[in-house]
Amino acid sequence: MTAVRRRLPVLLVWAVVAALALSVWGARDRTTWFLETVWVLVGLPLIVLTWRRFPLTDLLCCLLAVHALVLIVGGHYTYAQVPLGDWVRDTFGLDRNPYDRLGHLMQGFVPAVLVRELLSRTSPLRGSRWLAPLTVCACLAFSAVFEMLEWAAAVIGGQAADAFLATQGDVWDTQWDMFCALIGATVSVLVLSRVHDRQLDRLALTASYGAGASTSALRTSTPGTRPRLR
């Protein structure tokens with residue numbers, strides 16, 4: 001299990017990279033593909049570059065990979081034309097392709113764990129009753145910022161940005177998107193907090209063990225020679 005855990009982040013990175021490569025080939029609209037996947041294109045290298053100093057929990061890694069795949073699929077087909085969403089629409093008699101709603105649920109569900117992890121590890125909020133509401137508020141704020149980015153894209157791109165907006169004629173699409181993100185963040189905090197706390201404890205224990213081993217190696221090194229880690 002330990003070996004699998006060590007390889008998990010690497011496997012997830014390669015899976016996301018492969019999905020990105022496949023999705024750009026034959027994408028219905030390259031501009032929409034870029035706008036939808038830009039978070040993956042920026043976030044993935046950032047995680048890789050900071051991994052040694054700030055590794056993430058397995059839970060967060062898996063959720064980020066799943067979220068990336070949701071974004072990549074939406075970028076490849078455009079959210080309003082994802083085949084799975086068409087199937088759900090036709091099967092349940094919906095008036096629109098619901099894949100966009102799934103994307104915004106994930107926009108709250110996954111960032112909630114990311115925000116919670118950052119706040120738990122870099123602030124005094126770990127164990128505080130303020131951690132959960134501040135996490136949800138941060139996710140809702142991010143969703144609002146994303147809607148403003150969509151608004152800017154619509155103003156700049158005009159009709160060319162319609163595939164990116166994916167409103168599908170719904171005048172309340174912006175409000176629905178933020179509501180879905182709010183629901184996703186709330187459910188994530190309620191359902192995953194205990195599991196997340198256990199993984200944070202395990203990560204802290206691993207980091208402490210590594211720091212202890214480094215300190216031990218420094219103490220046992222002989223004067224005049226460079227310390228060697230064991």
# chains A, B, ... in the order shown; residues from 1 in each chain; ligands from 1

call {"tool": "residues_around", "arguments": {"residues": "A:Met148", "least_positions_apart": "4", "cutoff": "12 Å", "atoms": "only C-alpha atoms", "output": "list in words"}}
result
Ala141, Phe142, Ser143, Ala144, Ala152, Ala153, Ala154, Val155, Leu165, Thr174, Gln175, Asp177 and Met178 of chain A

call {"tool": "closest_atom_pairs", "arguments": {"of": "stretch 170-217 of chain A", "to": "stretch 112-131 of chain A", "cutoff": "7 Å", "atoms": "only C-alpha atoms", "output": "CSV"}}
result
residue,atom,partner,partner_atom,distance
A:Ala185,CA,A:Ala112,CA,5.2
A:Ser188,CA,A:Ala112,CA,6.5
A:Val189,CA,A:Ala112,CA,6.7

call {"tool": "atom_distance", "arguments": {"atom1": "atom CA of A:Leu203", "atom2": "atom CA of A:Leu105"}}
result
27.3 Å

call {"tool": "atom_distance", "arguments": {"atom1": "atom CA of A:Arg28", "atom2": "atom CA of A:Gly85"}}
result
15.9 Å

call {"tool": "atom_distance", "arguments": {"atom1": "atom CA of A:Arg194", "atom2": "atom CA of A:Ile47"}}
result
23.8 Å

call {"tool": "residues_around", "arguments": {"residues": "stretch 7-10 of chain A", "least_positions_apart": "5", "cutoff": "9 Å", "atoms": "only C-alpha atoms", "output": "ChimeraX atom specification"}}
result
/A:2,15,56,58,61-62

call {"tool": "residues_around", "arguments": {"residues": "A:His76", "least_positions_apart": "6", "cutoff": "8 Å", "atoms": "only C-alpha atoms", "output": "list of chain:residue names"}}
result
A:Ser23, A:Val24, A:Gly26, A:Ala27, A:Arg28, A:Asp29, A:Trp33

call {"tool": "select_by_dssp", "arguments": {"residues": "stretch 89-201 of chain A", "states": "helix (DSSP H, G or I)", "output": "number ranges by chain"}}
result
A: 89-92, 99-122, 131-165, 173-201

call {"tool": "residues_around", "arguments": {"residues": "A:Leu44", "least_positions_apart": "4", "cutoff": "10 Å", "atoms": "only C-alpha atoms", "output": "CSV table (one decimal) with C-alpha atoms, in the first residue's frame"}}
result
chain,number,residue,atom,x,y,z
A,13,VAL,CA,-0.2,13.3,-13.4
A,16,VAL,CA,-4.2,13.9,-16.7
A,17,VAL,CA,-1.4,14.7,-19.2
A,38,VAL,CA,-6.5,26.6,-18.7
A,39,TRP,CA,-7.0,25.8,-15.0
A,40,VAL,CA,-5.4,22.4,-15.7
A,48,VAL,CA,4.5,19.4,-9.8
A,49,LEU,CA,7.0,22.3,-9.2
A,64,LEU,CA,-8.0,17.3,-8.5
A,65,ALA,CA,-7.4,14.6,-11.1
A,68,ALA,CA,-9.3,18.0,-14.3
